[in-house]
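Source file query-v4.tsv; content: TSV, C-alpha atoms.
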chain	number	residue	atom	x	y	z
P	1	MET	CA	0.00	0.00	0.00
P	2	ASN	CA	1.43	3.35	-1.04
P	3	GLU	CA	1.14	5.95	1.75
P	4	ALA	CA	3.58	8.53	0.41
P	5	PRO	CA	2.01	11.97	0.93
P	6	SER	CA	2.24	14.83	-1.52
P	7	ASP	CA	4.73	17.63	-0.76
P	8	PRO	CA	2.22	19.96	0.96
P	9	GLU	CA	1.20	17.10	3.27
P	10	ARG	CA	4.67	16.10	4.45
P	11	ARG	CA	4.53	18.46	7.44
P	12	THR	CA	1.70	16.49	9.08
P	13	PRO	CA	2.17	12.77	9.91
P	14	LEU	CA	-0.54	10.55	8.47
P	15	TYR	CA	-1.57	9.20	11.85
P	16	ARG	CA	-2.33	12.74	13.06
P	17	LYS	CA	-4.64	13.31	10.09
P	18	VAL	CA	-6.50	10.07	10.83
P	19	ALA	CA	-6.67	10.90	14.54
P	20	GLY	CA	-7.95	14.40	13.77
P	21	ASP	CA	-10.73	13.09	11.54
P	22	LEU	CA	-11.82	10.51	14.14
P	23	ARG	CA	-11.62	13.08	16.93
P	24	THR	CA	-13.91	15.39	14.96
P	25	ALA	CA	-16.37	12.54	14.39
P	26	ILE	CA	-16.41	11.62	18.07
P	27	THR	CA	-16.92	15.17	19.31
P	28	ALA	CA	-19.64	15.70	16.68
P	29	GLY	CA	-21.53	12.72	18.12
P	30	GLU	CA	-21.10	10.31	15.20
P	31	TYR	CA	-19.80	7.79	17.75
P	32	GLY	CA	-21.65	8.08	21.05
P	33	SER	CA	-20.28	7.18	24.47
P	34	GLY	CA	-19.91	3.40	24.66
P	35	ALA	CA	-19.96	2.95	20.88
P	36	ARG	CA	-17.29	0.85	19.19
P	37	LEU	CA	-15.08	2.32	16.52
P	38	PRO	CA	-14.65	0.40	13.23
P	39	ALA	CA	-12.01	-2.34	13.25
P	40	GLU	CA	-8.39	-1.42	12.43
P	41	ASP	CA	-8.48	-3.03	8.98
P	42	GLU	CA	-11.70	-1.19	8.10
P	43	LEU	CA	-10.19	2.14	9.20
P	44	ALA	CA	-7.03	1.35	7.23
P	45	ARG	CA	-9.09	0.81	4.07
P	46	ARG	CA	-11.20	3.91	4.70
P	47	TYR	CA	-8.17	6.20	5.02
P	48	GLY	CA	-5.86	4.36	2.63
P	49	VAL	CA	-3.16	3.83	5.26
P	50	SER	CA	-1.48	0.89	6.97
P	51	ARG	CA	-2.77	-0.71	10.17
P	52	GLY	CA	0.35	0.61	11.91
P	53	THR	CA	-0.71	4.16	11.06
P	54	VAL	CA	-4.22	3.42	12.36
P	55	ARG	CA	-2.77	2.10	15.63
P	56	GLN	CA	-0.77	5.31	16.08
P	57	ALA	CA	-3.92	7.38	15.48
P	58	LEU	CA	-5.89	5.32	18.00
P	59	ALA	CA	-3.07	5.68	20.52
P	60	ALA	CA	-3.30	9.46	20.15
P	61	LEU	CA	-7.05	9.33	20.82
P	62	ARG	CA	-6.44	7.22	23.89
P	63	THR	CA	-3.92	9.77	25.15
P	64	ASP	CA	-6.66	12.39	24.82
P	65	GLY	CA	-9.00	10.23	26.88
P	66	LEU	CA	-11.50	9.74	24.05
P	67	ILE	CA	-11.34	5.95	23.66
P	68	THR	CA	-10.20	2.79	25.35
P	69	SER	CA	-7.42	0.93	23.63
P	70	ARG	CA	-6.99	-2.77	24.33
P	71	ARG	CA	-4.96	-4.81	21.87
P	72	GLY	CA	-7.06	-7.39	20.05
P	73	THR	CA	-10.39	-5.64	20.66
P	74	ARG	CA	-12.30	-2.86	18.96
P	75	ARG	CA	-11.88	0.53	20.62
P	76	VAL	CA	-14.76	1.87	22.71
P	77	VAL	CA	-15.59	5.58	22.84
P	78	LEU	CA	-15.41	6.94	26.40
P	79	GLY	CA	-17.11	10.26	25.70
P	80	GLY	CA	-17.12	13.43	23.63
P	81	GLY	CA	-13.87	14.77	25.04
P	82	PRO	CA	-12.43	16.47	28.12
P	83	ARG	CA	-15.47	18.72	28.57
P	84	GLU	CA	-17.48	15.72	29.79
P	85	SER	CA	-15.18	14.87	32.66
P	86	GLY	CA	-13.85	16.85	35.60
P	87	GLY	CA	-11.08	14.34	36.08
P	88	VAL	CA	-8.76	12.63	33.68
P	89	ALA	CA	-9.94	9.90	31.33
P	90	GLU	CA	-7.11	7.46	30.61
P	91	LEU	CA	-3.65	9.09	30.34
P	92	ARG	CA	-3.67	12.86	29.95
P	93	SER	CA	-0.81	15.31	30.39
P	94	PHE	CA	-0.69	17.96	33.12
P	95	THR	CA	-1.30	20.57	30.42
P	96	ARG	CA	-4.44	18.94	29.02
P	97	TRP	CA	-5.78	18.23	32.48
P	98	ALA	CA	-5.30	21.86	33.56
P	99	ARG	CA	-7.00	23.20	30.45
P	100	SER	CA	-9.94	20.82	30.89
P	101	LEU	CA	-10.55	22.46	34.28
P	102	GLY	CA	-10.41	25.98	32.89
P	103	GLU	CA	-6.98	26.60	34.46
P	104	GLU	CA	-4.03	28.07	32.59
P	105	PRO	CA	-1.11	25.62	32.68
P	106	GLY	CA	2.35	27.06	32.94
P	107	GLY	CA	5.81	26.53	34.25
P	108	ARG	CA	9.45	26.78	33.44
P	109	THR	CA	12.32	24.41	32.91
P	110	VAL	CA	14.90	24.85	35.66
P	111	THR	CA	17.62	22.46	34.50
P	112	VAL	CA	18.27	19.91	31.74
P	113	GLU	CA	21.25	17.74	32.59
P	114	PRO	CA	22.85	14.83	30.70
P	115	GLY	CA	24.11	11.87	32.69
P	116	GLY	CA	24.28	8.12	33.03
P	117	ALA	CA	21.26	6.14	34.20
P	118	ASP	CA	21.38	5.09	37.85
P	119	ALA	CA	20.00	1.74	38.98
P	120	GLU	CA	16.41	2.98	39.42
P	121	GLU	CA	16.37	4.86	36.11
P	122	ALA	CA	17.83	1.86	34.30
P	123	GLU	CA	15.16	-0.42	35.75
P	124	GLN	CA	12.27	1.93	34.98
P	125	LEU	CA	13.42	2.84	31.46
P	126	ARG	CA	14.62	-0.71	30.69
P	127	ILE	CA	18.08	0.42	29.68
P	128	ASP	CA	21.56	-0.46	30.90
P	129	ALA	CA	22.90	1.19	34.02
P	130	GLY	CA	25.11	4.06	32.92
P	131	ALA	CA	23.32	4.46	29.56
P	132	PRO	CA	22.94	8.13	28.54
P	133	VAL	CA	19.82	9.91	29.78
P	134	ARG	CA	18.59	13.49	30.17
P	135	ARG	CA	17.26	14.66	33.55
P	136	VAL	CA	14.81	17.55	33.47
P	137	LEU	CA	13.66	19.62	36.46
P	138	ARG	CA	10.56	21.76	35.93
P	139	LEU	CA	8.24	23.91	38.01
P	140	ARG	CA	4.59	23.56	36.98
P	141	THR	CA	1.92	26.16	37.72
P	142	LEU	CA	-1.85	26.54	37.55
P	143	SER	CA	-2.96	30.04	36.58
P	144	GLY	CA	0.38	31.38	37.77
P	145	ALA	CA	0.46	29.61	41.14
P	146	PRO	CA	3.19	26.99	41.73
P	147	VAL	CA	1.73	23.54	42.42
P	148	MET	CA	4.24	20.91	41.39
P	149	VAL	CA	7.93	20.18	40.89
P	150	GLU	CA	8.53	17.69	38.10
P	151	ARG	CA	11.67	15.56	38.00
P	152	THR	CA	11.77	13.57	34.77
P	153	THR	CA	14.36	11.28	33.24
P	154	TYR	CA	14.24	10.56	29.50
P	155	PRO	CA	16.18	8.05	27.40
P	156	GLU	CA	18.78	9.92	25.38
P	157	ALA	CA	16.86	9.80	22.08
P	158	VAL	CA	13.80	11.42	23.68
P	159	GLY	CA	15.79	13.64	26.03
P	160	ALA	CA	17.72	15.18	23.15
P	161	LEU	CA	14.42	16.36	21.65
P	162	VAL	CA	13.37	17.83	25.00
P	163	ALA	CA	16.71	19.57	25.46
P	164	ALA	CA	16.24	21.35	22.14
P	165	MET	CA	12.87	22.85	23.19
P	166	PRO	CA	12.54	26.39	24.58
P	167	LEU	CA	12.72	26.60	28.38
P	168	ASP	CA	9.18	28.00	28.54
P	169	THR	CA	7.63	25.09	26.58
P	170	ILE	CA	4.26	24.41	28.23
P	171	SER	CA	3.75	20.79	27.13
P	172	TYR	CA	6.62	18.46	26.26
P	173	SER	CA	4.19	15.66	25.38
P	174	GLU	CA	2.43	17.77	22.74
P	175	GLN	CA	5.75	18.76	21.17
P	176	LEU	CA	7.15	15.24	21.33
P	177	ALA	CA	4.03	13.95	19.55
P	178	LEU	CA	5.05	16.09	16.57
P	179	HIS	CA	8.24	14.00	16.43
P	180	GLY	CA	6.31	10.74	16.62
P	181	VAL	CA	6.94	10.14	20.34
P	182	LEU	CA	3.61	9.15	21.91
P	183	PHE	CA	2.75	8.61	25.58
P	184	THR	CA	0.03	5.95	25.56
P	185	ASP	CA	0.33	3.97	28.81
P	186	ALA	CA	1.56	4.76	32.29
P	187	HIS	CA	2.20	3.02	35.58
P	188	HIS	CA	1.57	5.29	38.58
P	189	THR	CA	2.65	5.04	42.20
P	190	ILE	CA	1.23	7.60	44.63
P	191	ASP	CA	2.82	8.23	48.03
P	192	ILE	CA	4.18	10.97	50.29
P	193	ALA	CA	7.65	12.56	50.13
P	194	ALA	CA	9.31	15.12	52.40
P	195	ALA	CA	10.12	18.44	50.72
P	196	ASP	CA	13.82	18.91	50.02
P	197	ALA	CA	15.75	22.13	49.48
P	198	ARG	CA	14.81	22.38	45.81
P	199	ASP	CA	11.11	21.88	46.60
P	200	VAL	CA	11.35	24.66	49.21
P	201	GLU	CA	13.00	26.97	46.67
P	202	LEU	CA	10.49	26.37	43.89
P	203	LEU	CA	7.21	25.75	45.76
P	204	GLY	CA	7.73	28.02	48.76
P	205	CYS	CA	6.90	25.19	51.18
P	206	ARG	CA	8.65	24.29	54.43
P	207	ALA	CA	11.64	21.94	54.56
P	208	GLY	CA	10.43	18.46	55.37
P	209	GLU	CA	6.78	19.30	54.60
P	210	ALA	CA	4.79	16.32	53.32
P	211	LEU	CA	4.20	16.56	49.56
P	212	LEU	CA	2.00	14.32	47.45
P	213	ARG	CA	4.33	12.39	45.13
P	214	GLU	CA	3.39	10.71	41.87
P	215	ARG	CA	5.99	8.37	40.38
P	216	ARG	CA	5.13	7.59	36.78
P	217	ARG	CA	6.60	5.53	33.96
P	218	CYS	CA	5.14	6.21	30.52
P	219	THR	CA	5.46	3.93	27.52
P	220	ASP	CA	4.83	4.37	23.80
P	221	PRO	CA	2.43	2.28	21.64
P	222	ALA	CA	5.07	-0.46	21.40
P	223	GLY	CA	5.43	-0.63	25.18
P	224	VAL	CA	8.88	1.00	25.19
P	225	PRO	CA	9.47	3.34	28.18
P	226	VAL	CA	9.87	6.96	27.11
P	227	GLU	CA	9.69	8.75	30.46
P	228	TRP	CA	10.32	8.14	34.17
P	229	SER	CA	9.01	10.99	36.32
P	230	GLN	CA	8.69	11.86	39.99
P	231	ASP	CA	6.27	14.76	40.51
P	232	ARG	CA	5.77	16.45	43.90
P	233	TYR	CA	2.58	18.44	44.51
P	234	LEU	CA	1.85	20.98	47.20
P	235	PRO	CA	-0.71	19.62	49.69
P	236	GLY	CA	-4.23	20.95	49.19
P	237	THR	CA	-3.79	21.60	45.46
P	238	VAL	CA	-4.69	18.24	43.88
P	239	ALA	CA	-6.20	14.89	44.70
P	240	PHE	CA	-5.86	11.71	42.68
P	241	THR	CA	-8.76	9.44	41.78
P	242	VAL	CA	-8.43	5.88	40.55
P	243	HIS	CA	-11.35	4.31	38.68
P	244	THR	CA	-11.36	0.51	38.72
P	245	THR	CA	-13.57	-0.08	35.69
P	246	ALA	CA	-13.09	-1.91	32.42
P	247	ALA	CA	-11.39	1.27	31.17
P	248	SER	CA	-9.28	2.05	34.23
P	249	ALA	CA	-8.13	5.63	34.55
P	250	LEU	CA	-6.12	7.75	36.93
P	251	GLY	CA	-6.84	11.45	37.17
P	252	ARG	CA	-6.08	14.62	39.03
P	253	LEU	CA	-8.77	16.79	40.58
P	254	LEU	CA	-8.45	20.22	42.15
P	255	THR	CA	-9.31	20.24	45.85
P	256	PRO	CA	-10.96	23.14	47.68
Go ahead and express the file in the form of structure tokens.
Amino acid sequence: MNEAPSDPERRTPLYRKVAGDLRTAITAGEYGSGARLPAEDELARRYGVSRGTVRQALAALRTDGLITSRRGTRRVVLGGGPRESGGVAELRSFTRWARSLGEEPGGRTVTVEPGGADAEEAEQLRIDAGAPVRRVLRLRTLSGAPVMVERTTYPEAVGALVAAMPLDTISYSEQLALHGVLFTDAHHTIDIAAADARDVELLGCRAGEALLRERRRCTDPAGVPVEWSQDRYLPGTVAFTVHTTAASALGRLLTP
């Protein structure tokens, strides 16, 4: 099957065009909540693309929280988009979550440092200890107020893309998607961590204050780890909800 785009189309990956068309159909109500999307081979024929391209498009829709995505089954529509949920359906970035609540996401990159993977990073990213990685420290804000310090380690191939982005980039995930790097699954661990000196500096909290910590490993559609992050939130700013349904989701909610 020939998928080569014409010159004017080369700027936009094919999977993004397919995802955009399906997203429009879902939000327009052509596929209601609980409806099943056409099978991968049917979508491939409809758009004249490969099944691999269709899978990438469906992964993007899952990242947006619009559909479930279980290998070997037809995808089920979760709803018409973020407006229907106050939480987070499936895996959604901090930026998308904030915007869905009417908040203005923001932040700044504090440091981007190259290094060799330590034992924990190697285990989480499934790379050799000492393999090159990029460690990124960011302060995240909601409508100008600091709420979270983000400590993220990327494999070198992904980290190099991040390092080339402006320091005031709001969403790394959105920019990485333009390079074909998709965040489609994540494993989360929620616990408490004591604020260290850097947390005090960036969040204005007290040394040793209990912060809500989310440790998260994200993988791409092939199951390859693309991010290992440890995010620390100020108490009283967010709460996490875990839905144990057929389409399990973890989300963040603002607290009073």
Review point. In Å to one decimal, how far is CA of Arg108 (chain P) from CA of Glu209 (chain P)?
Key: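 Separation of CA of Glu209 (chain P) and CA of Arg108 (chain P): 22.6 Å.
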Can you pull out every residue within 8 Å of His187 (chain P), counting all atoms listed in the file, but drop anything in the same chain fewer than 4 positions away, and send it as an MDAnalysis selection string?
chainID P and resid 216:218
Take the selection from the previous step and output its residues with C-alpha atoms, as a PDB file, in the coordinates of the input.
ATOM      1  CA  ARG P 216       5.130   7.590  36.780  1.00  0.00           C
ATOM      2  CA  ARG P 217       6.600   5.530  33.960  1.00  0.00           C
ATOM      3  CA  CYS P 218       5.140   6.210  30.520  1.00  0.00           C
TER       4      CYS P 218
END
Q. Between CA of Thr24 (chain P) and CA of Glu104 (chain P), what is the spacing in Å?
A.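 For CA of Glu104 (chain P) relative to CA of Thr24 (chain P), the distance reads 23.9 Å.
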Note to self: When you count all atoms listed in the file, which of these residues is closest to Val77 (chain P): P:Trp97, P:Tyr47, P:Tyr31, P:Tyr154?
What the structure shows: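 That would be P:Tyr31, the residue with the smallest distance to Val77 (chain P).
Residues within 9 Å of Leu203 (chain P), counting only C-alpha atoms and excluding same-chain residues fewer than 2 positions away, are Leu139, Pro146, Val147, Met148, Val149, Arg198, Asp199, Val200, Glu201, Cys205, Arg206, Tyr233 and Leu234 of chain P.
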Exercise for review: One decimal, Å: what's the distance from CA of Ala122 (chain P) over to CA of Gly208 (chain P), could you say?
Suggested key: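 These two atoms are separated by 27.8 Å.
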**Message:** If we count all atoms listed in the file and set the cut-off at 10 Å, which residues sit around Pro13 (chain P), ignoring sequence neighbours fewer than 5 positions away in its own chain? Please answer as a list of chain:residue names.
**Reply:**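 Listed by chain and then number, they are P:Pro5, P:Val18, P:Thr53, P:Ala57, P:Ala177, P:Leu178, P:His179, P:Gly180.
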I'd like the contact shell of Glu120 (chain P) - 12 Å cut-off, all atoms listed in the file, skipping same-chain residues fewer than 6 positions apart - returned as a PyMOL selection string.
chain P and resi 126-130+153+215+217+228-230
Quiz prompt | Polymer residues at most 10 Å from Pro114 (chain P), all atoms listed in the file, same-chain spacing of 4 or more positions, as a ChimeraX atom specification | solution = /P:132-136,153-154,156,159-160,163
